[in-house]
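Reviewing the structure listed below.
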Amino acid sequence: MGESTDSVYDIVIIGSGIGGSTLLNRLADSGARILMIERGQPLADSADARDSQAIFFDGRFRPQEQWLDGNGELFNPGNYYYLGGNSKFYGAVMLRYREEDFGELKFDEGISPAWPFDYAQLAPYYQQAEALYRVRGNEGEDSCEPSGAKGYVGPAVADETDIAGVRERLHRVGVRPFSLPLALDIDRWLARGNTPWDAFPDTGCGKMDAEAAALRPVLEHPNVTLMTGARVRRLHTEADGKRICAVELERDGEVERIHAGLFVLSAGAINSAAILLRSANAQCPTGLANSSDQVGRNFMNHNCSALLAVNPLRRNDSVYQKTLAINDFYLSDGEGGGPLGNIQLLGKVDGCMLKANAKAAPLFAMNWLARHSVDWYVMSEDLPSPDSRVRLDAAGRIVLDWRRSNMQAHRKLLKKAKAVMRAAGYPIVLSQPFDRRTPSHQCGTVRIGNDPASAPLDPYCRSFDHSNLFVMDASFLPTSAAVNPALTIAAQALRVADHIKLTELTQ
Ligand SMILES: Cc1cc2nc3c(=O)[nH]c(=O)nc-3n(C[C@H](O)[C@H](O)[C@H](O)COP(=O)(O)OP(=O)(O)OC[C@H]3O[C@@H](n4cnc5c(N)ncnc54)[C@H](O)[C@@H]3O)c2cc1C
């Protein structure tokens, strides 16, 4: 395969998150010599993995890394470097983009552009991704559910008693709550302890994350090699700048170069863009894959708020709370206006998490609040803009200059959500926007498109500039939609892997 004669590997994949590991899972049986390079190490179990204080106050699992924001302020990002990437901490909600998300959508503050292909292209891969990640869900409940067979391996995770009550009250006020599709083995998760969920690390305890569901099952293939603790610094091109010839990485204090025929960059939307920019050379002075000048641009991260619906007279004793969502305002505000977004339950919050966001508040008050709140995640689309971007400063540090968009729709969605919760019997409704330092749903920085002048990647995630380079992680997403991104990343990774098999591995 490829044209390289000095290849040690046929394919190098950089990064073991949802994008890299899902792609590896599909390519492993091809017989191609594949090297997966991961900066982090496997996440070991520890008491801290079950400790809110360690996770939310002490930042025990956050990286020893500082980025700059658009104002030049340093911050420690909530971006996780372990085998399996950010999915080790994810909420495992596996929702498909809506069919309408693949077309152009109009918002008061701008346009969400059409994808270079429609939903039907991805539908079979969504089904395969659902099966791979062992997603559990119920068909036919979601008010704007996309068409096509689902790959669910079983029925949705059941509501705990207090959440069944919430579902009932929501039905009564006329909204249509549906069961969240989840990549979760609930019995294994609860067997580890009565811990909450979102942002809690998975140490082999029930989250179907990239490592558990996609990577581990294919490591026994003799043609697959995993290298951890290896941080990629840059990619090198051949003399004419047209093909990638090597990856340069740092491992145990040593710098190494590894040659291959084909390279897949899957380091996450922020780091993949940074690696491409950092790899600038005489032939590609603005960075690799960047003749369009779009690498790093169009950064999106969703507009999200936490919403606590409180009834002082009703306790919420749920342990695993995250089983419900509402899409009634996804495609329209219900009054003839534009799309607003998705509302889904968070993992149950506890007093310690609340205090981490309100340091002056006494812990006993936060514990009381957490015992009486039903906790929601309110999410609206972030629209692509060339000015919202990842770049490097003169010292090579990552600058994340995120320009939020579409906040009018987000504010409307919050207003709707609050009205629904009050009607459903929660007289106190509190909300707080999610922290800018946590780019949980980062995407869009190396987008796909049909036109090399406006997109770095073709619709199969191949670089227009370098025919042996693919970028397969959240950076390919041309729009963020208003649902969680992981299933769409996984579906596209399977589609891209099939394309690589067809075009690169059949000679
Ligand atoms: C707390 C939290 C909750 C979330 N909940 C959900 C949810 O419920 N549903 C959902 O769909 N999504 C959720 N997400 C988002 C989801 O986890 C991500 O969209 C997805 O994991 C992104 O996958 P990726 O492959 O793009 O990148 P990543 O997961 O970022 O993987 C990139 C990998 O590359 C490695 N890497 C980075 N730089 C280098 C380098 N220089 N050299 C070598 N390796 C490198 C990283 O260590 C990492 O393993 C959540 C995220 C967080 C943080």
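How things are named: the first chain in the structure tokens is A, the next is B, and so on; residues count from 1 in each chain; ligands count from 1 in the order shown.
Within the 10 Å cut-off around Cys284 (chain A), using only C-alpha atoms and omitting residues fewer than 3 positions from it on the same chain, the listed residues are Thr237, Asp240, Gly241, Lys242, Leu277, Ser279, Ala280, Asn281, Gly287, Leu288, Ala289, Asn290, Ser291 and Asp465 of chain A.
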Could you list, as a VMD selection string, all residues that come within 7 Å of ligand 1? Count only C-alpha atoms and all ligand atoms. chain A and resid 14 to 20 37 to 40 78 to 87 89 to 95 198 to 199 230 to 233 266 to 269 271 to 272 275 440 to 442 473 to 475 484 to 487 489
Under the rule of at most 10 Å, produce a per-residue listing of region 202-224 of chain A near region 109-133 of chain A: chain, number, name, the closest pair of atoms, and the distance in Å, as JSON lines, using only C-alpha atoms.
{"residue": "A:Lys207", "atom": "CA", "partner": "A:Tyr133", "partner_atom": "CA", "distance": 9.3}
{"residue": "A:Met208", "atom": "CA", "partner": "A:Tyr133", "partner_atom": "CA", "distance": 5.8}
{"residue": "A:Asp209", "atom": "CA", "partner": "A:Tyr133", "partner_atom": "CA", "distance": 7.3}
{"residue": "A:Ala210", "atom": "CA", "partner": "A:Tyr133", "partner_atom": "CA", "distance": 8.1}
{"residue": "A:Ala212", "atom": "CA", "partner": "A:Tyr133", "partner_atom": "CA", "distance": 8.8}
{"residue": "A:Ala213", "atom": "CA", "partner": "A:Tyr133", "partner_atom": "CA", "distance": 5.5}
{"residue": "A:Ala214", "atom": "CA", "partner": "A:Leu132", "partner_atom": "CA", "distance": 7.0}
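Distance check against Ala183 (chain A) using only C-alpha atoms: of A:Asn357, A:Asn342, A:Thr323, A:Gln432, the minimum falls on A:Thr323.
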Close residues, Asp382 (chain A) itself excluded, 6 Å, only C-alpha atoms, min 4 positions apart in chain, as number ranges by chain: A: 300, 302, 405
Mind listing the strand (DSSP E or B) residues of region 185-247 of chain A, per DSSP on the backbone, as a PyMOL selection string? chain A and resi 207+224-227+230-237+244-247
